[in-house]
file structure.txt (compact mmCIF, C-alpha atoms (C1' of nucleotides))
# COMPACT_ATOMS: atom_id res chain seq x y z
CA MET A 4 0.00 0.00 0.00
CA ARG A 5 1.01 3.65 -0.37
CA ILE A 6 1.50 6.23 2.30
CA GLY A 7 -2.00 7.70 2.02
CA GLN A 8 -3.66 4.38 2.64
CA LEU A 9 -1.31 3.59 5.50
CA SER A 10 -2.25 6.94 6.96
CA GLN A 11 -5.94 6.11 6.70
CA LEU A 12 -5.60 2.66 8.18
CA SER A 13 -3.33 3.73 11.03
CA GLY A 14 -4.84 7.09 11.80
CA VAL A 15 -1.39 8.66 11.61
CA GLU A 16 -0.92 11.65 9.32
CA VAL A 17 1.14 11.27 6.17
CA GLU A 18 3.65 13.90 7.28
CA THR A 19 4.01 12.19 10.62
CA ILE A 20 4.69 8.83 8.99
CA ARG A 21 7.53 10.37 6.97
CA PHE A 22 8.74 12.04 10.15
CA TYR A 23 8.82 8.70 11.98
CA GLU A 24 10.82 7.21 9.15
CA ARG A 25 13.34 10.06 9.25
CA GLU A 26 13.64 9.63 13.00
CA GLY A 27 14.28 5.92 12.65
CA LEU A 28 11.12 4.78 14.40
CA LEU A 29 9.49 3.26 11.37
CA GLN A 30 11.58 1.02 9.17
CA ARG A 31 12.39 2.38 5.72
CA ALA A 32 9.82 1.56 3.10
CA GLU A 33 10.68 0.08 -0.29
CA ARG A 34 10.11 2.38 -3.19
CA GLU A 35 8.10 1.94 -6.35
CA ALA A 36 9.67 2.85 -9.68
CA ASN A 37 8.33 6.39 -9.34
CA GLY A 38 9.86 6.82 -5.89
CA TYR A 39 6.64 6.38 -3.95
CA ARG A 40 6.92 4.49 -0.67
CA ARG A 41 5.41 1.02 -0.61
CA TYR A 42 4.27 -0.36 2.74
CA GLN A 43 3.53 -3.87 4.00
CA GLN A 44 1.39 -5.16 6.79
CA ASP A 45 4.17 -5.02 9.36
CA HIS A 46 4.58 -1.29 8.81
CA LEU A 47 0.97 -0.93 9.84
CA GLN A 48 1.55 -3.01 12.94
CA ARG A 49 4.63 -1.10 13.93
CA LEU A 50 2.86 2.18 13.38
CA ALA A 51 -0.02 0.98 15.54
CA PHE A 52 2.50 0.11 18.23
CA ILE A 53 4.03 3.59 18.06
CA ARG A 54 0.63 5.20 18.11
CA HIS A 55 -0.22 3.14 21.11
CA CYS A 56 2.84 4.24 23.01
CA ARG A 57 2.20 7.82 22.02
CA ALA A 58 -1.36 7.51 23.31
CA LEU A 59 0.35 6.71 26.61
CA ASP A 60 2.25 9.97 26.05
CA MET A 61 5.62 8.26 25.97
CA PRO A 62 8.46 10.32 24.51
CA LEU A 63 9.60 9.09 21.12
CA GLN A 64 12.96 8.18 22.56
CA ASP A 65 11.31 5.73 24.93
CA VAL A 66 9.18 4.36 22.13
CA LYS A 67 12.39 3.79 20.22
CA ARG A 68 13.82 1.83 23.11
CA MET A 69 10.68 -0.27 23.32
CA LEU A 70 10.94 -1.03 19.62
CA GLN A 71 14.61 -1.92 19.89
CA PHE A 72 13.81 -4.14 22.79
CA MET A 73 11.09 -5.93 20.86
CA THR A 74 13.50 -6.97 18.16
CA GLN A 75 15.64 -8.83 20.71
CA PRO A 76 12.95 -10.47 22.76
CA THR A 77 15.25 -12.57 24.89
CA ALA A 78 16.72 -9.54 26.61
CA ASP A 79 15.93 -8.71 30.20
CA CYS A 80 12.73 -6.77 30.42
CA GLY A 81 13.71 -4.98 33.62
CA ASP A 82 14.57 -1.92 31.56
CA ILE A 83 11.09 -1.78 30.13
CA ASP A 84 9.69 -2.16 33.59
CA ARG A 85 11.69 0.78 34.83
CA LEU A 86 10.76 2.82 31.79
CA ILE A 87 7.06 2.31 32.42
CA GLU A 88 7.50 2.96 36.11
CA ALA A 89 9.38 6.20 35.51
CA HIS A 90 6.79 7.28 33.02
CA LEU A 91 4.04 6.60 35.51
CA GLU A 92 5.81 8.72 38.10
CA ASN A 93 6.07 11.51 35.57
CA VAL A 94 2.36 11.33 34.79
CA ARG A 95 1.50 11.37 38.47
CA SER A 96 3.52 14.45 39.20
CA ARG A 97 1.98 16.26 36.26
CA LEU A 98 -1.39 15.21 37.58
CA GLN A 99 -0.62 16.77 40.93
CA SER A 100 0.37 20.13 39.54
CA LEU A 101 -2.64 20.20 37.26
CA GLN A 102 -4.91 19.53 40.20
CA ALA A 103 -3.36 22.39 42.16
CA LEU A 104 -3.74 24.54 39.07
CA GLU A 105 -7.42 23.77 38.79
CA VAL A 106 -8.03 24.92 42.35
CA GLN A 107 -6.08 28.11 41.72
CA LEU A 108 -7.94 28.95 38.55
CA CYS A 109 -11.29 28.26 40.16
CA SER A 110 -10.64 30.62 43.01
CA LEU A 111 -9.33 33.21 40.58
CA ARG A 112 -12.43 32.96 38.45
CA ASP A 113 -14.66 33.38 41.44
CA GLN A 114 -13.00 36.71 42.21
CA CYS A 115 -14.72 38.39 39.31
CA GLY A 116 -18.16 39.14 40.63
CA GLN A 117 -19.82 40.79 37.66
CA PRO A 118 -18.51 41.54 34.21
CA GLY A 119 -18.01 45.26 34.09
CA ARG A 120 -15.25 47.80 34.20
CA GLY A 121 -11.83 46.33 34.55
CA GLU A 122 -10.89 48.48 37.50
CA GLN A 123 -13.31 46.56 39.62
CA CYS A 124 -12.54 43.13 38.24
CA GLY A 125 -11.42 40.87 41.03
CA ILE A 126 -9.35 38.76 38.69
CA VAL A 127 -7.17 41.63 37.60
CA GLN A 128 -6.95 42.95 41.13
CA GLU A 129 -5.95 39.56 42.32
CA LEU A 130 -3.16 39.14 39.81
CA GLU A 131 -1.98 42.70 40.32
CA SER A 132 -1.90 42.20 44.01
CA ALA A 133 0.05 38.99 43.52
CA SER A 134 2.57 40.83 41.41
CA LYS A 135 3.13 43.21 44.29
CA GLY A 136 4.02 40.36 46.56
CA ARG A 137 0.84 40.33 48.59
CA SER A 138 -1.02 37.13 49.22
CA CYS A 139 -3.59 36.07 46.67
CA ALA A 140 -6.14 33.43 45.97
CA CYS A 141 -3.76 31.46 43.79
CA HIS A 142 -0.74 31.46 46.05
CA PRO A 143 -1.81 32.03 49.61
CA ALA A 144 0.98 33.42 51.74
CA MET B 15 19.12 47.63 38.67
CA ARG B 16 20.74 45.43 36.06
CA ILE B 17 19.40 42.27 34.49
CA GLY B 18 21.18 39.91 36.87
CA GLN B 19 19.65 41.51 39.92
CA LEU B 20 16.22 41.60 38.33
CA SER B 21 16.66 37.92 37.61
CA GLN B 22 17.50 37.23 41.24
CA LEU B 23 14.66 39.29 42.62
CA SER B 24 12.07 37.92 40.24
CA GLY B 25 13.24 34.35 40.02
CA VAL B 26 13.15 34.57 36.23
CA GLU B 27 16.30 33.60 34.33
CA VAL B 28 18.31 36.28 32.58
CA GLU B 29 17.84 34.66 29.19
CA THR B 30 14.12 34.44 29.78
CA ILE B 31 13.90 38.12 30.70
CA ARG B 32 15.56 39.05 27.41
CA PHE B 33 13.21 36.64 25.68
CA TYR B 34 10.17 38.34 27.22
CA GLU B 35 11.45 41.69 26.07
CA ARG B 36 11.92 40.41 22.51
CA GLU B 37 8.40 38.99 22.58
CA GLY B 38 6.96 42.28 23.75
CA LEU B 39 5.78 41.06 27.15
CA LEU B 40 8.17 43.13 29.17
CA GLN B 41 8.56 46.79 28.29
CA ARG B 42 11.90 47.77 26.79
CA ALA B 43 14.52 48.74 29.37
CA GLU B 44 16.59 51.91 29.19
CA ARG B 45 20.25 51.36 28.49
CA GLU B 46 23.30 52.50 30.37
CA ALA B 47 26.14 54.08 28.45
CA ASN B 48 27.73 50.67 28.01
CA GLY B 49 24.56 49.19 26.58
CA TYR B 50 23.52 47.31 29.69
CA ARG B 51 19.78 47.23 30.41
CA ARG B 52 18.66 49.26 33.40
CA TYR B 53 15.47 48.23 35.18
CA GLN B 54 13.06 49.98 37.52
CA GLN B 55 10.67 48.73 40.12
CA ASP B 56 7.78 48.42 37.72
CA HIS B 57 9.73 46.00 35.57
CA LEU B 58 9.96 43.79 38.61
CA GLN B 59 6.24 44.05 39.19
CA ARG B 60 5.40 43.29 35.62
CA LEU B 61 7.75 40.34 35.62
CA ALA B 62 6.13 39.03 38.78
CA PHE B 63 2.79 39.33 37.08
CA ILE B 64 4.01 37.36 34.08
CA ARG B 65 5.53 34.73 36.31
CA HIS B 66 2.29 34.49 38.14
CA CYS B 67 0.31 33.91 34.98
CA ARG B 68 2.86 31.37 33.82
CA ALA B 69 2.53 29.56 37.12
CA LEU B 70 -1.09 29.21 36.12
CA ASP B 71 0.25 27.74 32.88
CA MET B 72 -1.28 30.43 30.74
CA PRO B 73 0.09 30.71 27.22
CA LEU B 74 2.21 33.80 26.69
CA GLN B 75 -0.31 35.11 24.21
CA ASP B 76 -2.96 35.16 26.90
CA VAL B 77 -0.56 36.77 29.32
CA LYS B 78 0.01 39.43 26.71
CA ARG B 79 -3.71 40.06 26.49
CA MET B 80 -3.94 40.35 30.26
CA LEU B 81 -1.14 42.89 30.27
CA GLN B 82 -2.71 44.89 27.47
CA PHE B 83 -5.96 44.87 29.34
CA MET B 84 -4.32 46.11 32.50
CA THR B 85 -3.05 49.23 30.77
CA GLN B 86 -6.61 50.22 29.90
CA PRO B 87 -8.34 49.43 33.12
CA THR B 88 -11.69 50.90 32.18
CA ALA B 89 -12.30 48.28 29.52
CA ASP B 90 -14.84 45.55 29.96
CA CYS B 91 -13.37 42.65 31.84
CA GLY B 92 -15.65 40.08 30.25
CA ASP B 93 -12.79 39.08 27.96
CA ILE B 94 -10.59 38.29 30.91
CA ASP B 95 -13.38 36.30 32.43
CA ARG B 96 -13.72 34.24 29.33
CA LEU B 97 -9.99 33.81 29.06
CA ILE B 98 -9.76 32.39 32.56
CA GLU B 99 -12.80 30.23 31.98
CA ALA B 100 -11.41 28.81 28.75
CA HIS B 101 -8.10 28.16 30.41
CA LEU B 102 -9.82 26.34 33.23
CA GLU B 103 -11.65 24.16 30.72
CA ASN B 104 -8.36 23.37 29.08
CA VAL B 105 -6.77 22.40 32.37
CA ARG B 106 -9.72 20.19 33.21
CA SER B 107 -9.61 18.31 29.97
CA ARG B 108 -5.88 17.74 30.33
CA LEU B 109 -6.59 16.50 33.82
CA GLN B 110 -9.06 13.98 32.50
CA SER B 111 -6.73 12.52 29.93
CA LEU B 112 -3.91 12.32 32.45
CA GLN B 113 -6.14 10.47 34.85
CA ALA B 114 -7.09 7.98 32.16
CA LEU B 115 -3.41 7.68 31.33
CA GLU B 116 -2.51 6.86 34.88
CA VAL B 117 -4.98 4.00 34.96
CA GLN B 118 -3.64 2.67 31.67
CA LEU B 119 -0.03 2.80 32.77
CA CYS B 120 -0.83 1.13 36.06
CA SER B 121 -2.55 -1.78 34.46
CA LEU B 122 0.27 -2.03 31.94
CA ARG B 123 2.87 -2.10 34.66
CA ASP B 124 1.00 -4.81 36.49
CA GLN B 125 1.21 -7.04 33.43
CA CYS B 126 4.88 -7.66 33.99
CA GLY B 127 4.92 -10.30 36.66
CA GLN B 128 8.60 -10.83 37.14
CA PRO B 129 11.58 -9.16 35.52
CA GLY B 130 13.01 -11.78 33.23
CA ARG B 131 13.17 -12.67 29.58
CA GLY B 132 11.35 -10.28 27.35
CA GLU B 133 9.40 -12.99 25.58
CA GLN B 134 7.41 -13.53 28.73
CA CYS B 135 7.07 -9.89 29.69
CA GLY B 136 3.42 -9.01 29.96
CA ILE B 137 4.11 -5.38 29.13
CA VAL B 138 5.59 -6.16 25.78
CA GLN B 139 2.96 -8.77 25.06
CA GLU B 140 0.31 -6.28 25.92
CA LEU B 141 1.61 -3.59 23.62
CA GLU B 142 2.27 -6.06 20.84
CA SER B 143 -1.20 -7.42 21.14
CA ALA B 144 -2.58 -3.90 21.06
CA SER B 145 -0.64 -3.19 17.90
CA LYS B 146 -2.37 -6.18 16.28
CA GLY B 147 -5.77 -4.71 17.02
CA ARG B 148 -6.69 -7.01 19.84
CA SER B 149 -8.01 -5.66 23.08
CA CYS B 150 -5.52 -4.69 25.75
CA ALA B 151 -5.28 -3.38 29.24
CA CYS B 152 -4.77 0.18 28.03
CA HIS B 153 -7.55 0.37 25.50
CA PRO B 154 -10.14 -2.23 26.28
CA ALA B 155 -12.26 -3.18 23.27
C1' DT C 27 48.05 47.20 38.94
C1' DA C 28 47.23 43.21 36.49
C1' DA C 29 44.83 39.18 36.01
C1' DA C 30 40.86 36.47 36.81
C1' DA C 31 36.17 35.97 37.49
C1' DA C 32 31.75 37.49 36.93
C1' DC C 33 28.68 39.94 34.47
C1' DC C 34 26.56 41.85 30.17
C1' DC C 35 25.65 42.15 24.97
C1' DT C 36 23.72 40.20 20.24
C1' DG C 37 22.48 36.61 17.48
C1' DT C 38 21.64 32.02 16.47
C1' DA C 39 20.59 27.16 17.18
C1' DG C 40 18.54 23.50 19.90
C1' DC C 41 14.65 21.17 22.47
C1' DC C 42 10.01 18.16 21.45
C1' DA C 43 6.74 16.11 18.32
C1' DC C 44 5.00 17.30 15.05
C1' DT C 45 2.71 20.59 11.25
C1' DA C 46 2.77 23.33 7.27
C1' DC C 47 4.41 24.91 3.62
C1' DA C 48 7.09 25.49 -1.28
C1' DG C 49 8.01 23.66 -5.41
C1' DA C 50 8.10 19.78 -8.00
C1' DG C 51 6.73 15.23 -10.12
C1' DT C 52 3.04 11.41 -10.88
C1' DC C 53 -1.33 9.32 -11.48
C1' DA C 54 -6.51 8.75 -12.20
C1' DA C 55 -10.67 10.34 -14.00
C1' DT C 56 -13.18 13.35 -17.08
C1' DA D 4 -5.83 17.70 -22.43
C1' DT D 5 -6.84 19.06 -18.17
C1' DT D 6 -8.19 18.84 -13.66
C1' DG D 7 -7.62 17.17 -9.18
C1' DA D 8 -5.70 14.10 -5.97
C1' DC D 9 -1.73 12.03 -4.61
C1' DT D 10 3.32 11.76 -3.79
C1' DC D 11 8.17 13.46 -3.31
C1' DT D 12 12.16 16.34 -0.86
C1' DG D 13 13.55 19.85 1.92
C1' DT D 14 12.90 23.56 4.93
C1' DA D 15 10.68 26.47 8.33
C1' DG D 16 7.34 27.21 11.95
C1' DT D 17 5.02 26.10 16.58
C1' DG D 18 5.77 27.35 22.20
C1' DG D 19 8.52 28.69 25.76
C1' DC D 20 12.22 28.72 26.70
C1' DT D 21 17.55 27.13 27.09
C1' DA D 22 22.22 27.04 25.57
C1' DC D 23 25.67 28.30 23.27
C1' DA D 24 29.38 31.34 20.43
C1' DG D 25 31.97 35.17 20.39
C1' DG D 26 32.47 39.33 21.88
C1' DG D 27 32.74 43.54 25.44
C1' DT D 28 32.61 45.53 30.54
C1' DT D 29 32.89 45.56 35.38
C1' DT D 30 34.21 43.88 39.77
C1' DT D 31 37.01 41.23 42.69
C1' DT D 32 41.11 39.24 44.02
C1' DA D 33 46.15 38.58 44.28

call {"tool": "encode", "arguments": {"input": "structure.txt", "output": "structure tokens"}}
result
Amino acid sequence: MRIGQLSQLSGVEVETIRFYEREGLLQRAEREANGYRRYQQDHLQRLAFIRHCRALDMPLQDVKRMLQFMTQPTADCGDIDRLIEAHLENVRSRLQSLQALEVQLCSLRDQCGQPGRGEQCGIVQELESASKGRSCACHPA
Amino acid sequence: MRIGQLSQLSGVEVETIRFYEREGLLQRAEREANGYRRYQQDHLQRLAFIRHCRALDMPLQDVKRMLQFMTQPTADCGDIDRLIEAHLENVRSRLQSLQALEVQLCSLRDQCGQPGRGEQCGIVQELESASKGRSCACHPA
DNA sequence: TAAAAACCCTGTAGCCACTACAGAGTCAAT
DNA sequence: ATTGACTCTGTAGTGGCTACAGGGTTTTTA
């Protein structure tokens, strides 16, 4: 199949497929006489694997390591374990800061009583006050 | 004061301060005879404001709009309201996907019973299986 | 007083994971 | 014969910085 069809089947954009090839994540495709890439079934599988890892928000470098690992399946999988574990930690810490952020934004939003003139807007006052070092809803002293 | 001191007082890196100036977020500084930037108190305040918005993970473009708004304080603050609201929505949706991600990674991690040969590693099996379209821990059918 | 260290300048390139062109060739249908 | 859809390579842009290179200035130390 050609790149467009692979894109359709995999749900990965054409440009992104070429990008993955350049980056060494997707094996090089054979070429037709006209220079077009020709793909086989295993390209589709590999692409699905990549997409899957990306859905887990893994950095491409880690995906690469997973792929390398899969081609030598007798290796110790402790590395993969640690990779997943580290990634999970990362996700959890991002989760924490986002949760804090949500609280901060909520309390900021609630400062603005009524839409009106900016001078009286609690949001602006709040952020101005914060910039002057006073305590604020977002970062209580 | 000079840029180094402003950096210390504000907690914003020197390079980042220059970057903010280039991007039009921080007003241009006067220069000393030798070309060094000279800053006043209000630079510090403005920088604190920016830092504050960035702590809320606002895009610089939005920060810019906030700053513009603050220089014409009689304007309607409905825009700011909506900006905060939209940002909150954004944070919430990121929160949701991260939460889903955490669950997925956990169940993936639990696939790997014992560190050992990769052939038997549940993690790899899981992701391989997923790449073949079958159901998996991360994306149940 | 001289040398060393610390600071400052501009401009450019790198990071990540794409995305979006420009400018060209190829193919399918009308 | 022409239109439109597809493909190619190569390069530049995104955001929000960060990290140089290669220079000049100021402050501290010996």

call {"tool": "interface_residues", "arguments": {"input": "structure.txt", "of": "chain A", "to": "chain D", "cutoff": "8 Å", "atoms": "all atoms listed in the file", "output": "mmCIF file with C-alpha atoms, in the coordinates of the input"}}
result
data_model
loop_
_atom_site.group_PDB
_atom_site.id
_atom_site.type_symbol
_atom_site.label_atom_id
_atom_site.label_comp_id
_atom_site.auth_asym_id
_atom_site.auth_seq_id
_atom_site.Cartn_x
_atom_site.Cartn_y
_atom_site.Cartn_z
ATOM 1 C CA GLY A 7 -2.000 7.700 2.020
ATOM 2 C CA GLY A 38 9.860 6.820 -5.890
ATOM 3 C CA TYR A 39 6.640 6.380 -3.950
#

call {"tool": "atom_distance", "arguments": {"input": "structure.txt", "atom1": "atom CA of Ile94 of chain B", "atom2": "atom CA of Met80 of chain B"}}
result
7.0 Å

call {"tool": "interface_residues", "arguments": {"input": "structure.txt", "of": "chain C", "to": "chain B", "cutoff": "9 Å", "atoms": "all atoms listed in the file", "output": "ChimeraX atom specification"}}
result
/C:33-35

call {"tool": "atom_distance", "arguments": {"input": "structure.txt", "atom1": "atom CA of Glu27 of chain B", "atom2": "atom CA of Arg79 of chain B"}}
result
22.4 Å

call {"tool": "residues_around", "arguments": {"input": "structure.txt", "residues": "Asn104 of chain B", "least_positions_apart": "4", "cutoff": "12 Å", "atoms": "all atoms listed in the file", "output": "ChimeraX atom specification"}}
result
/A:101,104-105,108 /B:70-73,97-100,108-111
